[in-house]
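Undergrad: First the structure, which I've put down as structure tokens, then a few questions once you've had a look.
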Amino acid sequence: MVDTIGAEKIIMTPKCKTEKSTTLIIERRIVPVENAQNDNSVHVAGGAHRGIVINKTINNDEEYTIPEISLQFRVFLVNGQNGKHTQESRKLLFWFKPQVPVYERASVAQEFFKELVTPQHFPRDYVGFITRLMKLMQQKYTTIRKLEIELKQLEQTNLPVRPLSNDESILDKKVMLTEQKVLEYVEAAYPNPVTTEDIIKEYPYWDEDIVSRHIDKLKEKKIVKSMEHGAFTRVIQHDKDIQIVKQMPAIISSKQPTIAIITAQYCEKLAVDAMIDNKETFVRYTTVGVTPDGSYPAKASITKSTRFGESNVYTLGNVGEHRIVCTKLPTLGYTREAVTSAGNTTTRLLGTFQKVDYVFIVGVGGGVPHYTDYTKHVRLGDVIVSSGLPPNNAAYTYCENVRNSGDGEYTFEYKSHNPASNTIQELAKKLKEQYESSGDSPWYEFMKEGLSVLESQNEHEFSRPSVDTDKLYMAIGEKDVIEVAHPQPHDDVDGSRLEGCPRLHLGPVASGRCVSKDARLREAFSTKSQAIAFDFESDSVIESIVGNCRDSWALIRGIADYKDGQRKGPWQPYASLAAAALVKAIICSMESTSD
């Protein structure tokens, strides 16, 4: 019996071939088998591969249409004779059936790709790779109309260094004891003084004598300074006008700040301070009770429990025509103590400066990458302004707990926040529209000016890191990841990212350690909350802002990694600078107050 089938066939056709590249087309078409059986240039598969047709000759007449989705990744081919590795780029271009909604196409392509590269099934040779593509199209992804595959050999190279897992914390890696790590701890705690005992409590596997030697070296470099009873703190080298006070001095009405900026990391505070003119800084140690010269009374107790969260730093000055106050949360992690301290610090800030109408939470965050759509993709160095999107309309969503039903479905327990006034978001939107229509952006000018100030201070490296350090990985299994290329624009309209410049995005921000630490949970929760960025747990800060009846607030997050922004690395200072410069651009676009 002749198989005349009017069913769809999966047809592979070579498109072009060079010395180092091959391009193939895989598409579904209705082809009568009797036509193919009489054609020596066609191979009709049978048995387990029934329904697959292979064209043996190259077809250069393929009519080009713009692909709807693209994905690109790299593999390393091993030479069996000399053991050398050759890097190969593999690009997949997708076209879908017309009935597939546009908003579904990216997720279908992403799921197709994940299944293709699943470690236990990933093909080890060309034939297996092409066969798997065709079988996935035939058996499961029936809405994909056409695939174009470009295989291009790059160069011989050593195997790259990449994450061992999509969640490195599950490897129980210990933090190495170095002078830099000790300094990072001191900076994170600032303005709280710390002791060697505090550090050892946080890292019990560190040697106390070595920690003390690192502290002594930092003192010699005048990066940290001693305080009474074995405590020490960060020396703010760039700010010579620091006043140690028991309580904030009275500020006349015309100099009362109307805008508050809250930071959590030391480099974030440095970046914001670089945007402020006429600065003066006040440090208040309330519980320990320092003397005006910055020393502790002889009988003062400086245990962590009494000191934590009680010290405050306030930098006052001008941004444009507006009075600003900037503070830094004395955060030491995700503990209940740190979360409570963040809320208390915010409450004290707003209680001390009661004319504040606008609150910015400024610093680093983790981007939610979009592997297939350039226009939605968030990259390192970009900046997010928290803003609600329909249908959820929540600017910030905090996940308190997650339950796994066992069948790959997750149930999230979360709470959402939205500012009563969207003034900040509307101003950010205007800046974004202004840049996209004219290419003009005061944001970039403020970044350049801020970088000049920060370079003269020489405390951190705030210049833009090499683009080669912006690696994008996709979780493809329980622990495994694969490096994929950043999506590219299809045309000039999409290509709105100036080379070497950040982009501005408006969208929801999410947080919650229970989801941010795992790539699969981040992906699932970002879909649920529509989040385009994650940050450290700001929930207590936002609850304090809302509880103190401040209607206009926003999180401004410079993207430093693809997790939650907390990974130490070269992008943190630059992302902090980008976020701080955008805040200055927003503030300068505000109407000045009557004072």
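Following the order of the structure tokens, chains are lettered A, B, ..., residues in each are numbered from 1, and ligands are numbered from 1.
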Quick one: residues within 10 Å of A:Ser466, only C-alpha atoms counted, chain neighbours fewer than 2 positions away excluded, as a ChimeraX atom specification?
TA: /A:463-464,468-470,500,570-571
Undergrad: Please, could you write that set of residues out with N, CA and C atoms as an mmCIF file, in the first residue's frame?
TA:
data_model
loop_
_atom_site.group_PDB
_atom_site.id
_atom_site.type_symbol
_atom_site.label_atom_id
_atom_site.label_comp_id
_atom_site.auth_asym_id
_atom_site.auth_seq_id
_atom_site.Cartn_x
_atom_site.Cartn_y
_atom_site.Cartn_z
ATOM 1 N N SER A 463 33.794 52.089 37.074
ATOM 2 C CA SER A 463 33.697 52.106 35.619
ATOM 3 C C SER A 463 33.000 50.848 35.117
ATOM 4 N N ARG A 464 32.499 50.902 33.891
ATOM 5 C CA ARG A 464 31.737 49.788 33.332
ATOM 6 C C ARG A 464 32.646 48.585 33.082
ATOM 7 N N ASP A 468 32.404 41.129 28.234
ATOM 8 C CA ASP A 468 32.690 39.693 28.286
ATOM 9 C C ASP A 468 32.341 39.083 29.634
ATOM 10 N N THR A 469 32.203 39.920 30.664
ATOM 11 C CA THR A 469 31.841 39.404 31.986
ATOM 12 C C THR A 469 30.331 39.287 32.163
ATOM 13 N N ASP A 470 29.567 39.717 31.165
ATOM 14 C CA ASP A 470 28.100 39.619 31.230
ATOM 15 C C ASP A 470 27.683 38.278 30.620
ATOM 16 N N GLY A 500 27.438 49.907 25.041
ATOM 17 C CA GLY A 500 28.121 50.286 26.271
ATOM 18 C C GLY A 500 27.306 51.151 27.205
ATOM 19 N N PRO A 570 32.257 42.629 39.759
ATOM 20 C CA PRO A 570 32.590 43.929 39.162
ATOM 21 C C PRO A 570 31.397 44.779 38.787
ATOM 22 N N TRP A 571 30.196 44.171 38.664
ATOM 23 C CA TRP A 571 29.040 44.949 38.203
ATOM 24 C C TRP A 571 28.330 45.687 39.332
#
Undergrad: Show which residues sit within 9 Å of A:Lys279, as a PyMOL selection string. Count only C-alpha atoms, and ignore same-chain residues fewer than 4 positions away.
TA: chain A and resi 239+241+273+315-318
Undergrad: A:Thr195, A:Ser529, A:Ser89, A:Thr352: which is nearest A:His229, counting only C-alpha atoms?
TA: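 Distance minimum relative to A:His229 lands on A:Thr195.
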Undergrad: Could you tell me how far atom CA of A:Arg284 lies from atom CA of A:Lys181, in Å and to one decimal?
TA: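 Interatomic distance, atom CA of A:Arg284 to atom CA of A:Lys181: 25.7 Å.
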Undergrad: Give me, as an MDAnalysis selection string, the residues of stretch 475-563 of chain A that a backbone DSSP run labels strand (DSSP E).
TA: chainID A and resid 475 481:484 504:507 509:511 533:535 552:561
Undergrad: Keeping N, CA and C atoms, export the residues of the selection given above as a short mmCIF file (atom, residue, chain, number, x, y, z; two decimals), in the first residue's frame.
TA:
data_model
loop_
_atom_site.label_atom_id
_atom_site.label_comp_id
_atom_site.auth_asym_id
_atom_site.auth_seq_id
_atom_site.Cartn_x
_atom_site.Cartn_y
_atom_site.Cartn_z
N ALA A 475 19.01 27.67 33.43
CA ALA A 475 18.90 26.41 34.17
C ALA A 475 18.18 25.38 33.29
N VAL A 481 23.36 24.09 34.28
CA VAL A 481 23.09 25.30 33.53
C VAL A 481 23.81 25.22 32.19
N ILE A 482 23.35 26.03 31.25
CA ILE A 482 24.01 26.14 29.96
C ILE A 482 24.14 27.61 29.63
N GLU A 483 25.27 28.00 29.07
CA GLU A 483 25.46 29.40 28.68
C GLU A 483 24.76 29.65 27.35
N VAL A 484 23.97 30.71 27.31
CA VAL A 484 23.28 31.09 26.09
C VAL A 484 23.66 32.52 25.74
N LEU A 504 16.82 51.65 30.42
CA LEU A 504 15.86 51.87 31.50
C LEU A 504 14.63 51.00 31.25
N HIS A 505 14.22 50.27 32.28
CA HIS A 505 13.02 49.44 32.20
C HIS A 505 12.08 49.82 33.34
N LEU A 506 10.78 49.80 33.09
CA LEU A 506 9.78 49.97 34.13
C LEU A 506 9.01 48.66 34.27
N GLY A 507 8.93 48.16 35.49
CA GLY A 507 8.22 46.91 35.71
C GLY A 507 8.30 46.48 37.15
N VAL A 509 9.16 44.57 40.65
CA VAL A 509 10.34 44.02 41.32
C VAL A 509 9.83 43.01 42.35
N ALA A 510 10.54 41.90 42.48
CA ALA A 510 10.16 40.85 43.43
C ALA A 510 11.32 40.57 44.36
N SER A 511 11.02 39.90 45.46
CA SER A 511 12.08 39.47 46.37
C SER A 511 11.57 38.31 47.21
N ALA A 533 12.87 42.10 37.80
CA ALA A 533 14.07 42.17 38.63
C ALA A 533 13.76 41.61 40.01
N PHE A 534 14.80 41.10 40.68
CA PHE A 534 14.73 40.68 42.08
C PHE A 534 15.70 41.54 42.88
N ASP A 535 15.39 41.74 44.16
CA ASP A 535 16.34 42.44 45.01
C ASP A 535 16.41 41.76 46.37
N SER A 552 4.43 58.32 47.71
CA SER A 552 5.22 58.20 46.48
C SER A 552 6.57 57.57 46.79
N TRP A 553 6.79 56.36 46.29
CA TRP A 553 8.05 55.66 46.52
C TRP A 553 8.35 54.75 45.33
N ALA A 554 9.60 54.40 45.20
CA ALA A 554 10.00 53.49 44.11
C ALA A 554 11.31 52.83 44.46
N LEU A 555 11.46 51.59 44.01
CA LEU A 555 12.76 50.92 44.04
C LEU A 555 13.46 51.21 42.72
N ILE A 556 14.70 51.65 42.80
CA ILE A 556 15.52 51.90 41.61
C ILE A 556 16.68 50.91 41.68
N ARG A 557 16.67 49.91 40.80
CA ARG A 557 17.64 48.82 40.91
C ARG A 557 18.54 48.74 39.68
N GLY A 558 19.84 48.96 39.90
CA GLY A 558 20.82 48.70 38.86
C GLY A 558 21.14 47.22 38.85
N ILE A 559 21.16 46.61 37.69
CA ILE A 559 21.28 45.15 37.59
C ILE A 559 22.75 44.74 37.68
N ALA A 560 23.06 43.96 38.72
CA ALA A 560 24.44 43.54 38.99
C ALA A 560 24.66 42.05 38.75
N ASP A 561 23.58 41.27 38.69
CA ASP A 561 23.68 39.85 38.38
C ASP A 561 22.31 39.37 37.92
#
Undergrad: Which of these, A:Lys269, A:Lys432, A:Lys528, A:Lys222, has the shortest distance to A:Ile586 once you count only C-alpha atoms?
TA: A:Lys432
Undergrad: Atom CA of A:Arg323 to atom CA of A:Val359: how many Å, to one decimal?
TA: 12.4 Å
Undergrad: Any idea what's packed within 6 Å of A:Glu88, counting only C-alpha atoms, ignoring anything in its chain fewer than 6 positions away? Could you give it as a list of chain:residue names?
TA: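 In the requested format, the answer is A:Arg74, A:Val75, A:Lys152, A:Gln153, A:Leu154.
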Undergrad: Would you export the selected residues with N, CA and C atoms as a PDB file, in the first residue's frame, please?
TA:
ATOM      1  N   ARG A  74      26.472  28.018  22.867  1.00  0.00           N
ATOM      2  CA  ARG A  74      27.744  27.476  22.402  1.00  0.00           C
ATOM      3  C   ARG A  74      27.982  26.101  22.991  1.00  0.00           C
ATOM      4  N   VAL A  75      28.643  25.267  22.213  1.00  0.00           N
ATOM      5  CA  VAL A  75      29.060  23.952  22.684  1.00  0.00           C
ATOM      6  C   VAL A  75      30.556  23.823  22.418  1.00  0.00           C
ATOM      7  N   LYS A 152      28.202  27.061  13.565  1.00  0.00           N
ATOM      8  CA  LYS A 152      29.401  27.786  13.126  1.00  0.00           C
ATOM      9  C   LYS A 152      30.554  27.504  14.086  1.00  0.00           C
ATOM     10  N   GLN A 153      31.643  26.931  13.542  1.00  0.00           N
ATOM     11  CA  GLN A 153      32.824  26.694  14.353  1.00  0.00           C
ATOM     12  C   GLN A 153      33.557  28.012  14.584  1.00  0.00           C
ATOM     13  N   LEU A 154      34.003  28.221  15.838  1.00  0.00           N
ATOM     14  CA  LEU A 154      34.650  29.477  16.189  1.00  0.00           C
ATOM     15  C   LEU A 154      36.166  29.319  16.275  1.00  0.00           C
TER      16      LEU A 154
END
Undergrad: What's the 9 Å shell around A:Asp357, counting only C-alpha atoms, without same-chain residues fewer than 6 positions away, as a PyMOL selection string?
TA: chain A and resi 257-260+550-553
Undergrad: Excluding same-chain residues fewer than 3 positions from A:Glu591, what lies within 12 Å of it counting only C-alpha atoms, as a list in words?
TA: Thr258, Gly320, Glu321, His322, Thr423, Ile424, Leu427, Ile586, Ile587, Cys588, Ser594 and Asp595 of chain A
Undergrad: Write the residues of the selection above to a file with all heavy atoms, as an mmCIF file, in the first residue's frame.
TA:
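Output saved as again-v1.cif:
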data_model
loop_
_atom_site.group_PDB
_atom_site.id
_atom_site.type_symbol
_atom_site.label_atom_id
_atom_site.label_comp_id
_atom_site.auth_asym_id
_atom_site.auth_seq_id
_atom_site.Cartn_x
_atom_site.Cartn_y
_atom_site.Cartn_z
ATOM 1 N N THR A 258 13.010 67.038 51.378
ATOM 2 C CA THR A 258 11.694 66.558 50.946
ATOM 3 C C THR A 258 11.792 65.222 50.212
ATOM 4 O O THR A 258 10.775 64.637 49.853
ATOM 5 C CB THR A 258 11.032 67.590 50.009
ATOM 6 O OG1 THR A 258 11.904 67.837 48.897
ATOM 7 C CG2 THR A 258 10.761 68.892 50.748
ATOM 8 N N GLY A 320 19.902 69.152 42.278
ATOM 9 C CA GLY A 320 19.141 70.174 41.563
ATOM 10 C C GLY A 320 18.611 71.191 42.553
ATOM 11 O O GLY A 320 19.359 71.718 43.379
ATOM 12 N N GLU A 321 17.309 71.441 42.497
ATOM 13 C CA GLU A 321 16.684 72.418 43.393
ATOM 14 C C GLU A 321 16.053 71.767 44.613
ATOM 15 O O GLU A 321 15.306 72.413 45.350
ATOM 16 C CB GLU A 321 15.626 73.217 42.622
ATOM 17 C CG GLU A 321 16.192 74.012 41.454
ATOM 18 C CD GLU A 321 15.114 74.801 40.724
ATOM 19 O OE1 GLU A 321 13.931 74.666 41.099
ATOM 20 O OE2 GLU A 321 15.448 75.546 39.795
ATOM 21 N N HIS A 322 16.353 70.511 44.845
ATOM 22 C CA HIS A 322 15.680 69.768 45.911
ATOM 23 C C HIS A 322 16.642 69.407 47.039
ATOM 24 O O HIS A 322 17.816 69.097 46.797
ATOM 25 C CB HIS A 322 15.055 68.493 45.342
ATOM 26 C CG HIS A 322 14.009 68.745 44.301
ATOM 27 N ND1 HIS A 322 12.680 68.886 44.604
ATOM 28 C CD2 HIS A 322 14.113 68.908 42.954
ATOM 29 C CE1 HIS A 322 11.991 69.107 43.486
ATOM 30 N NE2 HIS A 322 12.845 69.124 42.475
ATOM 31 N N THR A 423 3.899 59.240 40.912
ATOM 32 C CA THR A 423 4.639 60.398 40.403
ATOM 33 C C THR A 423 6.039 60.005 39.922
ATOM 34 O O THR A 423 6.473 60.391 38.831
ATOM 35 C CB THR A 423 4.752 61.480 41.489
ATOM 36 O OG1 THR A 423 3.444 61.887 41.892
ATOM 37 C CG2 THR A 423 5.524 62.687 40.972
ATOM 38 N N ILE A 424 6.764 59.233 40.732
ATOM 39 C CA ILE A 424 8.129 58.841 40.366
ATOM 40 C C ILE A 424 8.107 57.993 39.098
ATOM 41 O O ILE A 424 8.910 58.197 38.174
ATOM 42 C CB ILE A 424 8.798 58.078 41.526
ATOM 43 C CG1 ILE A 424 8.971 58.996 42.731
ATOM 44 C CG2 ILE A 424 10.136 57.496 41.087
ATOM 45 C CD1 ILE A 424 9.477 58.293 43.988
ATOM 46 N N LEU A 427 7.483 60.091 35.969
ATOM 47 C CA LEU A 427 8.664 60.852 35.566
ATOM 48 C C LEU A 427 9.693 59.938 34.893
ATOM 49 O O LEU A 427 10.333 60.320 33.903
ATOM 50 C CB LEU A 427 9.283 61.546 36.780
ATOM 51 C CG LEU A 427 8.450 62.674 37.404
ATOM 52 C CD1 LEU A 427 9.057 63.131 38.718
ATOM 53 C CD2 LEU A 427 8.354 63.859 36.438
ATOM 54 N N ILE A 586 15.620 61.777 37.605
ATOM 55 C CA ILE A 586 14.203 61.852 37.993
ATOM 56 C C ILE A 586 13.963 63.059 38.900
ATOM 57 O O ILE A 586 13.020 63.836 38.713
ATOM 58 C CB ILE A 586 13.766 60.546 38.679
ATOM 59 C CG1 ILE A 586 13.778 59.391 37.678
ATOM 60 C CG2 ILE A 586 12.365 60.703 39.286
ATOM 61 C CD1 ILE A 586 13.521 58.029 38.304
ATOM 62 N N ILE A 587 14.854 63.229 39.904
ATOM 63 C CA ILE A 587 14.679 64.334 40.851
ATOM 64 C C ILE A 587 14.782 65.684 40.143
ATOM 65 O O ILE A 587 14.005 66.610 40.400
ATOM 66 C CB ILE A 587 15.717 64.220 41.986
ATOM 67 C CG1 ILE A 587 15.418 62.997 42.860
ATOM 68 C CG2 ILE A 587 15.718 65.483 42.847
ATOM 69 C CD1 ILE A 587 16.473 62.706 43.907
ATOM 70 N N CYS A 588 15.728 65.790 39.219
ATOM 71 C CA CYS A 588 15.905 67.063 38.504
ATOM 72 C C CYS A 588 14.731 67.383 37.588
ATOM 73 O O CYS A 588 14.553 68.537 37.184
ATOM 74 C CB CYS A 588 17.207 67.031 37.710
ATOM 75 S SG CYS A 588 18.704 67.122 38.743
ATOM 76 N N SER A 594 7.946 75.039 46.973
ATOM 77 C CA SER A 594 7.764 76.484 47.170
ATOM 78 C C SER A 594 8.927 77.073 47.950
ATOM 79 O O SER A 594 9.335 78.207 47.718
ATOM 80 C CB SER A 594 6.455 76.744 47.908
ATOM 81 O OG SER A 594 6.426 76.046 49.145
ATOM 82 N N ASP A 595 9.518 76.281 48.901
ATOM 83 C CA ASP A 595 10.651 76.793 49.662
ATOM 84 C C ASP A 595 11.853 76.997 48.748
ATOM 85 O O ASP A 595 12.655 77.876 48.969
ATOM 86 C CB ASP A 595 11.032 75.820 50.786
ATOM 87 C CG ASP A 595 10.027 75.888 51.930
ATOM 88 O OD1 ASP A 595 9.286 76.873 51.974
ATOM 89 O OD2 ASP A 595 10.004 74.960 52.760
#
Undergrad: Using only C-alpha atoms, determine which residues lie at most 12 Å from A:Pro249, disregarding the query and same-chain residues fewer than 2 positions distant; provide the list as a PyMOL selection string.
TA: chain A and resi 243-247+251-252+256+281-284+314+352-353
Undergrad: Which one of A:Gln120, A:Thr22, A:Gln434, A:Gln530 sits closest to A:Leu389 if you count only C-alpha atoms?
TA: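 Checking each candidate against A:Leu389, we get A:Gln530 as the closest.
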Undergrad: Could you give me, as a count of residues only, each residue of stretch 42-151 of chain A that DSSP assigns to alpha helix (DSSP H) when run on this structure's backbone?
TA: 29
Undergrad: Have a look at A:Pro502, A:Pro419, A:Pro369, A:Pro508 and name the one nearest to A:Tyr396; count only C-alpha atoms.
TA: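 Comparing A:Pro502, A:Pro419, A:Pro369, A:Pro508 against A:Tyr396, the winner is A:Pro508.
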Undergrad: Using only C-alpha atoms, which residue out of A:His43, A:Glu68, A:Thr118, A:Glu537 lies closest to A:Pro101?
TA: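 For A:Pro101, the nearest of the given residues is A:Glu68.
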Undergrad: Which of these residues is nearest to A:Lys91, using only C-alpha atoms: A:Lys255, A:Lys17, A:His486, A:Arg234?
TA: A:His486
Undergrad: How many Å lie between atom CA of A:Cys514 and atom CA of A:Cys399, rounded to one decimal?
TA: 7.2 Å
